[in-house]
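Here is the file work.tsv (TSV, C-alpha atoms).
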chain	number	residue	atom	x	y	z
I	18	MET	CA	18.29	-30.97	-9.21
I	19	SER	CA	21.01	-33.42	-8.54
I	20	SER	CA	22.20	-31.46	-5.55
I	21	LEU	CA	18.68	-31.51	-4.20
I	22	ALA	CA	18.32	-35.24	-4.46
I	23	ALA	CA	20.83	-36.00	-1.76
I	24	PRO	CA	20.98	-33.12	0.65
I	25	ALA	CA	23.64	-33.17	3.28
I	26	LEU	CA	24.07	-30.86	6.21
I	27	MET	CA	26.56	-28.12	5.84
I	28	THR	CA	28.98	-27.37	8.57
I	29	GLY	CA	30.47	-24.06	9.42
I	30	GLY	CA	29.10	-20.55	9.16
I	31	ALA	CA	26.50	-19.56	6.72
I	32	GLY	CA	28.35	-16.49	5.60
I	33	ALA	CA	27.57	-12.84	5.86
I	34	GLY	CA	24.32	-11.47	4.62
I	35	ARG	CA	23.67	-8.19	2.93
I	36	ASP	CA	21.70	-6.68	5.74
I	37	ASP	CA	23.18	-6.52	9.18
I	38	ALA	CA	20.19	-5.03	10.89
I	39	ASP	CA	18.12	-8.12	11.61
I	40	LEU	CA	18.27	-11.82	12.03
I	41	THR	CA	18.12	-12.35	8.29
I	42	SER	CA	21.86	-11.87	7.88
I	43	PRO	CA	23.03	-15.40	8.64
I	44	LEU	CA	20.40	-16.74	6.27
I	45	ALA	CA	21.03	-14.41	3.35
I	46	ALA	CA	23.91	-16.40	1.90
I	47	LEU	CA	21.97	-19.62	2.26
I	48	VAL	CA	19.02	-18.09	0.49
I	49	GLU	CA	21.24	-16.93	-2.35
I	50	ARG	CA	22.74	-20.37	-2.80
I	51	ALA	CA	19.41	-22.13	-2.49
I	52	ARG	CA	18.03	-19.87	-5.21
I	53	GLU	CA	20.74	-21.18	-7.47
I	54	GLY	CA	19.65	-24.75	-6.81
I	55	ASP	CA	22.06	-25.70	-4.04
I	56	GLY	CA	20.21	-28.43	-2.17
I	57	ARG	CA	22.59	-28.39	0.76
I	58	ALA	CA	22.00	-24.70	1.26
I	59	PHE	CA	18.25	-25.25	1.21
I	60	ASP	CA	18.59	-28.07	3.70
I	61	ARG	CA	20.64	-25.84	5.95
I	62	LEU	CA	18.02	-23.13	5.56
I	63	MET	CA	15.39	-25.55	6.80
I	64	LEU	CA	17.60	-26.65	9.64
I	65	GLU	CA	18.05	-23.05	10.77
I	66	THR	CA	14.36	-22.20	10.67
I	67	GLN	CA	12.45	-25.43	11.22
I	68	GLU	CA	11.78	-24.94	14.93
I	69	ARG	CA	10.22	-21.56	14.36
I	70	VAL	CA	8.14	-22.74	11.42
I	71	VAL	CA	6.92	-25.91	13.09
I	72	GLY	CA	6.37	-24.16	16.42
I	73	THR	CA	4.37	-21.36	14.87
I	74	ALA	CA	2.32	-23.81	12.84
I	75	TRP	CA	1.65	-25.90	15.93
I	76	ARG	CA	0.52	-22.88	17.93
I	77	LEU	CA	-1.70	-21.69	15.12
I	78	LEU	CA	-3.20	-25.07	14.26
I	79	GLY	CA	-3.01	-26.87	17.57
I	80	SER	CA	-2.08	-30.36	16.43
I	81	ARG	CA	1.17	-32.12	15.66
I	82	GLU	CA	-0.05	-33.67	12.46
I	83	ASP	CA	-1.44	-30.45	11.06
I	84	ALA	CA	1.68	-28.54	12.06
I	85	ARG	CA	3.90	-31.12	10.36
I	86	ASP	CA	1.89	-31.00	7.14
I	87	ALA	CA	1.79	-27.22	7.23
I	88	ALA	CA	5.55	-26.98	7.77
I	89	GLN	CA	6.12	-29.23	4.78
I	90	GLU	CA	3.91	-27.05	2.65
I	91	VAL	CA	5.67	-23.94	3.93
I	92	TYR	CA	9.06	-25.21	2.79
I	93	LEU	CA	7.72	-26.32	-0.57
I	94	ARG	CA	6.31	-22.85	-1.11
I	95	VAL	CA	9.55	-21.29	0.00
I	96	PHE	CA	11.47	-23.46	-2.44
I	97	ARG	CA	9.08	-22.73	-5.30
I	98	HIS	CA	9.07	-19.00	-4.71
I	99	LEU	CA	12.66	-18.38	-3.74
I	100	GLY	CA	12.97	-16.48	-6.99
I	101	ARG	CA	10.47	-13.93	-5.74
I	102	PHE	CA	12.35	-13.23	-2.55
I	103	ARG	CA	14.33	-10.06	-2.91
I	104	PRO	CA	17.83	-10.25	-1.50
I	105	GLY	CA	18.38	-7.88	1.39
I	106	HIS	CA	14.85	-8.19	2.65
I	107	ASP	CA	13.85	-9.84	5.88
I	108	PHE	CA	13.82	-13.54	5.10
I	109	ARG	CA	12.46	-14.41	8.52
I	110	ALA	CA	9.46	-12.10	8.02
I	111	TRP	CA	8.88	-13.65	4.60
I	112	LEU	CA	9.02	-17.11	6.12
I	113	TYR	CA	6.59	-16.18	8.89
I	114	ARG	CA	4.23	-14.70	6.33
I	115	ILE	CA	4.21	-17.91	4.34
I	116	THR	CA	3.72	-19.92	7.53
I	117	VAL	CA	0.77	-17.82	8.63
I	118	ASN	CA	-0.79	-18.05	5.16
I	119	VAL	CA	-0.33	-21.81	4.95
I	120	CYS	CA	-1.81	-22.28	8.42
I	121	ARG	CA	-4.73	-20.04	7.59
I	122	ASP	CA	-5.42	-22.05	4.44
I	123	ALA	CA	-5.10	-25.31	6.35
I	124	ALA	CA	-7.47	-24.13	9.06
I	125	ARG	CA	-10.03	-23.09	6.49
I	126	ARG	CA	-9.69	-26.29	4.53
I	127	ARG	CA	-9.81	-28.74	7.31
I	128	ARG	CA	-12.20	-27.05	9.71
I	129	ARG	CA	-10.63	-28.97	12.52
I	130	GLU	CA	-12.05	-29.45	15.94
I	131	PRO	CA	-10.98	-26.96	18.64
I	132	VAL	CA	-7.35	-26.99	19.58
I	133	ALA	CA	-7.88	-28.06	23.19
I	134	ALA	CA	-9.80	-31.19	22.29
I	135	ALA	CA	-7.29	-32.23	19.64
I	136	ALA	CA	-4.26	-31.48	21.78
I	137	ALA	CA	-5.58	-33.35	24.79
I	138	ARG	CA	-5.46	-36.60	22.90
I	139	GLU	CA	-1.94	-36.15	21.62
I	140	PRO	CA	0.85	-37.97	23.37
I	141	GLY	CA	3.06	-35.78	25.44
I	142	SER	CA	0.56	-33.03	26.05
I	143	PRO	CA	0.25	-31.74	28.63
I	144	PRO	CA	3.98	-32.20	29.07
I	145	GLU	CA	5.56	-34.06	31.91
I	146	ALA	CA	6.57	-30.84	33.65
I	147	GLU	CA	2.90	-29.99	33.99
I	148	GLN	CA	1.72	-33.15	35.63
I	149	ASP	CA	0.00	-31.50	38.53
I	150	LEU	CA	-3.68	-30.95	38.07
I	151	LEU	CA	-3.55	-27.19	38.14
I	152	GLY	CA	-0.74	-27.14	35.64
I	153	ALA	CA	-2.65	-29.41	33.30
I	154	GLU	CA	-5.70	-27.24	33.66
I	155	ARG	CA	-3.67	-24.15	32.90
I	156	TRP	CA	-2.27	-25.85	29.82
I	157	ASN	CA	-5.73	-26.72	28.55
I	158	ARG	CA	-7.07	-23.27	29.30
I	159	LEU	CA	-4.34	-21.65	27.30
I	160	LEU	CA	-4.81	-23.99	24.36
I	161	GLY	CA	-8.53	-23.43	24.49
I	162	ALA	CA	-8.06	-19.69	24.71
I	163	LEU	CA	-5.73	-19.67	21.73
I	164	ALA	CA	-8.14	-21.78	19.72
I	165	ALA	CA	-11.02	-19.47	20.54
I	166	LEU	CA	-9.25	-16.37	19.27
I	167	PRO	CA	-10.19	-14.95	15.90
I	168	PRO	CA	-7.56	-16.02	13.35
I	169	LYS	CA	-6.00	-12.58	12.92
I	170	GLU	CA	-5.76	-12.00	16.65
I	171	ARG	CA	-4.31	-15.44	17.17
I	172	ALA	CA	-1.67	-14.90	14.52
I	173	ALA	CA	-0.75	-11.51	15.97
I	174	LEU	CA	-0.56	-12.86	19.51
I	175	VAL	CA	1.46	-15.93	18.60
I	176	LEU	CA	3.96	-13.89	16.65
I	177	ARG	CA	4.24	-11.20	19.32
I	178	ASP	CA	4.08	-13.09	22.60
I	179	LEU	CA	5.27	-16.56	21.66
I	180	GLU	CA	7.66	-15.91	18.79
I	181	GLY	CA	8.94	-12.67	20.25
I	182	LEU	CA	8.54	-10.41	17.24
I	183	THR	CA	7.96	-6.71	17.81
I	184	SER	CA	4.63	-5.15	16.89
I	185	GLU	CA	6.24	-3.60	13.84
I	186	GLN	CA	7.64	-6.93	12.70
I	187	VAL	CA	4.28	-8.60	13.25
I	188	ALA	CA	2.68	-5.87	11.17
I	189	ARG	CA	5.11	-6.53	8.34
I	190	VAL	CA	4.47	-10.27	8.50
I	191	LEU	CA	0.72	-9.88	8.49
I	192	GLY	CA	0.65	-7.04	6.00
I	193	SER	CA	-1.12	-4.77	8.49
I	194	ARG	CA	-0.39	-1.47	10.13
I	195	PRO	CA	1.35	-1.51	13.52
I	196	GLY	CA	-1.62	0.23	15.12
I	197	THR	CA	-3.97	-2.46	13.84
I	198	VAL	CA	-1.67	-5.17	15.10
I	199	ARG	CA	-1.41	-3.56	18.54
I	200	SER	CA	-5.16	-3.40	18.70
I	201	GLN	CA	-5.41	-7.10	17.78
I	202	ILE	CA	-2.80	-8.00	20.35
I	203	ALA	CA	-4.58	-6.01	23.06
I	204	SER	CA	-7.86	-7.72	22.29
I	205	ALA	CA	-6.24	-11.14	22.26
I	206	ARG	CA	-4.53	-10.58	25.60
I	207	MET	CA	-7.81	-9.54	27.16
I	208	ARG	CA	-9.48	-12.71	25.85
I	209	ILE	CA	-6.67	-14.89	27.13
I	210	ARG	CA	-6.95	-13.25	30.51
I	211	SER	CA	-10.72	-13.85	30.54
I	212	PHE	CA	-10.16	-17.53	29.84
I	213	CYS	CA	-7.67	-17.85	32.66
I	214	VAL	CA	-9.01	-15.46	35.28
I	215	ASP	CA	-10.94	-17.95	37.41
I	216	LEU	CA	-7.95	-20.25	37.44
I	217	MET	CA	-5.83	-17.35	38.62
I	218	ARG	CA	-8.22	-16.78	41.50
I	219	LEU	CA	-7.63	-20.37	42.52
I	220	GLY	CA	-3.95	-19.60	42.71
I	221	GLY	CA	-3.01	-21.34	39.53
I	222	GLY	CA	0.61	-20.45	39.17
I	223	ALA	CA	2.66	-17.30	39.18
W	18	MET	CA	-7.19	9.47	32.90
W	19	LYS	CA	-10.44	7.55	32.98
W	20	CYS	CA	-10.59	3.83	33.70
W	21	GLU	CA	-12.20	3.13	30.33
W	22	ARG	CA	-9.26	4.50	28.43
W	23	ALA	CA	-6.73	2.94	30.77
W	24	ARG	CA	-8.32	-0.49	30.28
W	25	ARG	CA	-7.93	-0.14	26.53
W	26	TRP	CA	-4.23	0.35	26.98
W	27	LEU	CA	-3.56	-2.03	29.83
W	28	PRO	CA	-3.08	-5.12	27.62
W	29	LEU	CA	-0.36	-3.21	25.80
W	30	VAL	CA	1.28	-2.17	29.05
W	31	ALA	CA	1.62	-5.87	29.87
W	32	GLY	CA	3.77	-6.41	26.82
W	33	ASP	CA	5.61	-3.07	26.77
W	34	ASP	CA	3.87	-2.20	23.54
W	35	LEU	CA	2.86	1.33	24.50
W	36	PRO	CA	4.87	4.42	23.64
W	37	GLU	CA	6.80	5.64	26.64
W	38	GLU	CA	4.78	8.76	27.27
W	39	ARG	CA	1.47	6.92	27.14
W	40	ALA	CA	2.84	4.17	29.36
W	41	ARG	CA	3.73	6.80	31.96
W	42	THR	CA	0.19	8.15	31.86
W	43	VAL	CA	-1.25	4.68	32.40
W	44	ALA	CA	1.21	4.00	35.20
W	45	ALA	CA	0.09	7.17	36.96
W	46	HIS	CA	-3.51	6.01	36.71
W	47	LEU	CA	-2.65	2.59	38.09
W	48	GLU	CA	-1.22	4.17	41.23
W	49	GLU	CA	-4.62	5.67	41.93
W	50	CYS	CA	-6.98	2.92	40.73
W	51	GLU	CA	-7.04	-0.41	42.49
W	52	ARG	CA	-9.39	-2.11	40.02
W	53	CYS	CA	-7.28	-1.22	37.04
W	54	ARG	CA	-4.23	-2.35	38.95
W	55	ALA	CA	-5.82	-5.75	39.57
W	56	LEU	CA	-6.63	-6.05	35.88
W	57	GLU	CA	-3.08	-5.15	34.97
W	58	GLN	CA	-1.80	-7.87	37.29
W	59	ASP	CA	-4.14	-10.46	35.72
W	60	LEU	CA	-2.97	-9.50	32.27
W	61	ALA	CA	0.66	-9.73	33.27
W	62	ARG	CA	0.11	-13.16	34.83
W	63	SER	CA	-1.78	-14.60	31.87
W	64	ARG	CA	0.96	-13.35	29.62
W	65	ARG	CA	3.54	-15.08	31.75
W	66	TRP	CA	1.48	-18.26	31.47
W	67	LEU	CA	1.42	-17.92	27.75
W	68	GLU	CA	5.14	-17.36	27.56
W	69	SER	CA	5.76	-20.40	29.74
W	70	MET	CA	3.88	-22.68	27.40
W	71	PRO	CA	6.02	-25.72	26.76
W	72	ALA	CA	7.92	-26.06	23.54
W	73	PRO	CA	6.11	-27.75	20.69
W	74	PRO	CA	6.22	-31.53	21.05
W	75	PHE	CA	8.65	-32.21	18.22
W	76	THR	CA	11.88	-34.14	18.33
W	77	GLU	CA	14.99	-34.04	16.19
W	78	SER	CA	13.74	-37.08	14.33
W	79	ASP	CA	10.50	-35.21	13.55
W	80	TYR	CA	12.50	-32.38	12.05
W	81	ALA	CA	14.73	-34.73	10.08
W	82	GLY	CA	11.64	-36.48	8.76
W	83	LEU	CA	10.18	-33.14	7.75
W	84	ARG	CA	13.25	-32.24	5.73
W	85	ARG	CA	13.30	-35.65	4.08
W	86	ARG	CA	9.68	-35.31	3.07
W	87	VAL	CA	10.26	-31.84	1.68
W	88	PHE	CA	13.08	-33.07	-0.55
W	89	ARG	CA	11.06	-36.10	-1.58
W	90	GLU	CA	8.20	-33.84	-2.63
W	91	ILE	CA	10.54	-31.54	-4.50
W	92	GLU	CA	11.82	-34.52	-6.42
W	93	ALA	CA	8.39	-36.03	-6.99
W	94	ARG	CA	6.90	-32.79	-8.27
W	95	GLY	CA	9.97	-31.87	-10.27
W	96	LEU	CA	10.19	-28.46	-8.66
W	97	THR	CA	13.04	-26.11	-9.31
W	98	ALA	CA	14.24	-23.45	-6.93
W	99	GLY	CA	12.28	-20.27	-7.54
W	100	GLY	CA	10.54	-21.66	-10.60
W	101	ALA	CA	7.45	-23.53	-11.63
W	102	SER	CA	7.43	-27.29	-12.11
W	103	PRO	CA	7.96	-28.68	-15.64
W	104	ARG	CA	4.43	-30.07	-15.55
W	105	THR	CA	3.06	-26.64	-14.82
W	106	GLY	CA	5.15	-25.25	-17.66
W	107	ARG	CA	3.81	-27.81	-20.10
W	108	LEU	CA	0.26	-27.10	-19.06
W	109	ALA	CA	0.83	-23.39	-19.43
W	110	PHE	CA	2.32	-23.94	-22.88
W	111	ALA	CA	-0.61	-26.11	-23.97
W	112	GLY	CA	-3.06	-23.57	-22.62
W	113	ALA	CA	-1.32	-20.77	-24.49
W	114	GLY	CA	-1.47	-22.81	-27.70
W	115	LEU	CA	-5.18	-23.43	-27.34
W	116	LEU	CA	-5.79	-19.77	-26.64
W	117	ALA	CA	-3.79	-18.74	-29.71
W	118	ALA	CA	-5.74	-21.18	-31.89
W	119	ALA	CA	-9.04	-19.88	-30.57
W	120	LEU	CA	-7.99	-16.28	-31.21
W	121	ALA	CA	-6.86	-17.11	-34.75
W	122	ALA	CA	-10.18	-18.80	-35.50
W	123	LEU	CA	-12.06	-15.81	-34.13
W	124	LEU	CA	-9.97	-13.42	-36.20
W	125	LEU	CA	-10.53	-15.40	-39.40
W	126	ALA	CA	-14.24	-15.56	-38.76
W	127	ARG	CA	-14.40	-11.80	-38.33
W	128	ARG	CA	-12.30	-11.04	-41.42
W	129	ALA	CA	-14.42	-13.10	-43.82
W	130	PRO	CA	-18.00	-12.87	-42.66
W	131	GLU	CA	-19.40	-13.28	-46.15
W	132	LYS	CA	-17.54	-16.44	-46.96
W	133	LEU	CA	-19.55	-19.59	-47.04
W	134	ARG	CA	-18.20	-23.02	-46.41
W	135	VAL	CA	-18.62	-24.43	-49.90
W	136	PRO	CA	-16.02	-26.54	-51.65
W	137	ALA	CA	-14.71	-24.99	-54.82
W	138	ALA	CA	-15.46	-27.98	-56.94
W	139	SER	CA	-19.01	-28.49	-55.77
W	140	PRO	CA	-21.09	-25.36	-56.07
W	141	ALA	CA	-23.88	-24.78	-53.69
W	142	ALA	CA	-27.35	-25.71	-54.68
W	143	PRO	CA	-28.83	-22.89	-56.69
W	144	SER	CA	-31.95	-22.78	-54.65
W	145	ALA	CA	-29.93	-21.80	-51.60
W	146	VAL	CA	-28.64	-18.61	-53.10
W	147	SER	CA	-31.04	-17.81	-55.86
W	148	ALA	CA	-32.94	-15.38	-53.71
W	149	ALA	CA	-29.85	-13.24	-53.40
W	150	ALA	CA	-28.88	-13.49	-57.02
W	151	GLU	CA	-29.77	-10.85	-59.51
W	152	THR	CA	-30.82	-11.36	-63.02
W	153	LEU	CA	-28.22	-12.24	-65.58
W	154	PRO	CA	-26.45	-9.44	-67.37
W	155	PRO	CA	-26.28	-9.85	-71.10
W	156	ALA	CA	-22.51	-10.35	-71.34
W	157	ALA	CA	-19.87	-11.74	-69.08
W	158	GLU	CA	-18.15	-9.10	-67.00
W	159	PRO	CA	-14.38	-8.86	-67.03
W	160	LEU	CA	-12.75	-11.11	-64.54
W	161	ALA	CA	-11.97	-9.50	-61.24
W	162	PRO	CA	-8.90	-10.90	-59.54
W	163	ALA	CA	-9.96	-13.13	-56.71
W	164	PRO	CA	-8.29	-12.77	-53.34
W	165	SER	CA	-5.27	-14.99	-53.35
W	166	ALA	CA	-5.79	-16.23	-49.84
W	167	ALA	CA	-9.29	-17.46	-50.43
W	168	SER	CA	-9.76	-21.03	-51.47
W	169	ALA	CA	-13.23	-20.49	-52.75
W	170	SER	CA	-15.95	-17.94	-52.39
W	171	ILE	CA	-19.44	-17.39	-53.51
W	172	ARG	CA	-20.81	-14.03	-54.41
W	173	PRO	CA	-24.11	-13.23	-55.93
W	174	ALA	CA	-23.72	-11.84	-59.41
W	175	ARG	CA	-23.42	-8.07	-59.34
W	176	GLY	CA	-24.79	-7.69	-62.79
W	177	HIS	CA	-27.43	-5.28	-63.89
W	178	ARG	CA	-29.94	-5.25	-66.63
W	179	ARG	CA	-28.77	-3.98	-69.94
W	180	ALA	CA	-31.22	-2.10	-71.96
W	181	GLY	CA	-30.21	-3.72	-75.24
W	182	ALA	CA	-30.87	-7.34	-74.39
W	183	PRO	CA	-33.95	-7.69	-72.32
W	184	GLY	CA	-34.97	-11.00	-73.79
W	185	ARG	CA	-31.99	-13.00	-72.53
W	186	GLU	CA	-32.33	-11.78	-69.00
W	187	GLN	CA	-35.90	-12.61	-68.36
W	188	GLY	CA	-36.23	-15.16	-65.54
W	189	VAL	CA	-32.54	-16.06	-65.37
W	190	ALA	CA	-30.36	-15.71	-62.29
W	191	ARG	CA	-26.58	-15.71	-62.33
W	192	ILE	CA	-24.54	-17.10	-59.48
W	193	GLU	CA	-20.82	-16.64	-59.59
W	194	PHE	CA	-18.30	-18.71	-57.63
W	195	ARG	CA	-14.72	-17.60	-57.28
W	196	THR	CA	-12.07	-20.17	-56.62
W	197	ALA	CA	-8.54	-19.99	-55.33
W	198	ASP	CA	-7.36	-20.00	-58.89
W	199	PRO	CA	-7.89	-16.45	-60.19
W	200	ASN	CA	-8.31	-17.83	-63.70
W	201	VAL	CA	-11.22	-20.03	-62.77
W	202	ARG	CA	-14.67	-18.77	-62.01
W	203	ILE	CA	-17.80	-20.77	-61.87
W	204	ILE	CA	-20.91	-19.15	-63.10
W	205	TRP	CA	-24.18	-20.80	-62.43
W	206	LEU	CA	-27.12	-19.81	-64.59
W	207	VAL	CA	-30.43	-20.60	-63.09
W	208	LYS	CA	-33.68	-20.17	-64.88
W	209	LYS	CA	-36.32	-19.12	-62.45
W	210	GLY	CA	-38.91	-21.80	-61.96
W	211	ASP	CA	-36.74	-24.32	-63.78
W	212	GLU	CA	-35.10	-27.17	-61.89
W	213	THR	CA	-32.42	-27.64	-64.51
W	214	SER	CA	-29.33	-25.50	-64.34
W	215	SER	CA	-25.96	-25.20	-65.89
W	216	ALA	CA	-22.60	-24.00	-64.75
W	217	LEU	CA	-20.09	-22.33	-66.95
W	218	THR	CA	-16.57	-21.36	-66.25
W	219	ALA	CA	-15.25	-18.04	-67.16
W	220	GLY	CA	-11.66	-17.17	-67.93
W	221	ARG	CA	-10.44	-20.44	-69.41
W	222	ASN	CA	-14.03	-21.54	-70.01
W	223	ARG	CA	-13.60	-24.80	-68.24
W	224	GLU	CA	-16.71	-26.72	-67.52
W	225	VAL	CA	-16.83	-27.84	-63.96
W	226	SER	CA	-20.20	-29.43	-63.59

Go ahead and express the file in the form of structure tokens.
Amino acid sequence: MSSLAAPALMTGGAGAGRDDADLTSPLAALVERAREGDGRAFDRLMLETQERVVGTAWRLLGSREDARDAAQEVYLRVFRHLGRFRPGHDFRAWLYRITVNVCRDAARRRRREPVAAAAAREPGSPPEAEQDLLGAERWNRLLGALAALPPKERAALVLRDLEGLTSEQVARVLGSRPGTVRSQIASARMRIRSFCVDLMRLGGGA
Amino acid sequence: MKCERARRWLPLVAGDDLPEERARTVAAHLEECERCRALEQDLARSRRWLESMPAPPFTESDYAGLRRRVFREIEARGLTAGGASPRTGRLAFAGAGLLAAALAALLLARRAPEKLRVPAASPAAPSAVSAAAETLPPAAEPLAPAPSAASASIRPARGHRRAGAPGREQGVARIEFRTADPNVRIIWLVKKGDETSSALTAGRNREVS
């Protein structure tokens, strides 16, 4: 634990992973070292993945505070269960799975207000680039649409359209079949479109 | 292709999630159907909106704070990489101990259902067991070795009437106590209807009460 007490950022490459096929490779060596109790490696692991974890949590939960708490819980679970992660498997998929599970638990536990209402009060949202009225309206519509989606559809859509995973990767993360995930994604896209369609008629953006 | 089927697949066309052959079929339909084409354009636009959502409002200092908090929690909870916390381990150990004790107690209770909780040196009141006791046999039976593990046990006398000595047996009950010491037995003779009683020891003939 002594190496965990004072983590310091590593510099240089993370080393080669065992699998070359996906984005897990640069992380594999870090995972291995973190499993052995190397605090610096775990810190580096967080550094490499924090934007994805926090971003996904924020899109699933809709508030900064909830996303921050969820991300913390995600990394604590990762640390606790590193021993269960099998080397050579897709670490990123494992991380997304934990993130989705943590966010689902948080959403159930807290029963927060809808995303749009919570986000509107947060500083910095809508962002400065969206200052015009139509842009702000579009922002709120999208947040509201995301919040209104059923949890499974929201998770599938966020992972596919915002995190850029393929349908097959989303299926692995969610523990579903690709066909089921595609169906969820299709339904979610239709709902998003329904939320935004009148704004589109007004000429709200590209 | 009918519009109904095309509309089921259109959201997947927007994200290139359809197999190539099916995508070609839908594309052919879109060339003929203006309404489906409009829907496809709406879907594509809303997807572009979604993709253009601004980045989450987090700064480098937010991320650094997150990592600090994670390490602080790891320290505070005493977590180890890939393992349970020491506190969890202690609780699990204590739980396992309690479970083992409960199982042992259950096992002992099932192995000795006839044993009564009576101290060896203080025999139970005769009235409590006299109903189960039989009449006294005329002579003491040979000592049976008592189970070594037992500290004390009470068994009703297994005697039977002997034809040659009917007079001694009339109205007398015999209660035998076995102790942990195989050489010591306590025999309680109870005269029916009589409050007085006496206890004799067999083997070394020690008087215990």

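CA of Leu124 (chain W) is found 26.0 Å from CA of Glu193 (chain W).
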
| query | Which residues of chain W are close to chain I, meaning at most 8 Å apart when you count only C-alpha atoms, and how do they look as JSON, numbers by chain? | reply | {"W": [25, 26, 27, 28, 29, 32, 34, 59, 60, 62, 63, 64, 65, 66, 67, 68, 70, 71, 72, 73, 74, 75, 80, 83, 84, 86, 87, 88, 89, 90, 91, 92, 96, 97, 98, 99, 100, 101]}

| query | Hey, can you check how far CA of Arg52 (chain W) sits from CA of Ala40 (chain W)? | reply | 17.4 Å

| query | Any idea what the distance is between CA of Leu182 (chain I) and CA of Leu216 (chain I)? | reply |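 Going from CA of Leu182 (chain I) over to CA of Leu216 (chain I), I get 27.9 Å.
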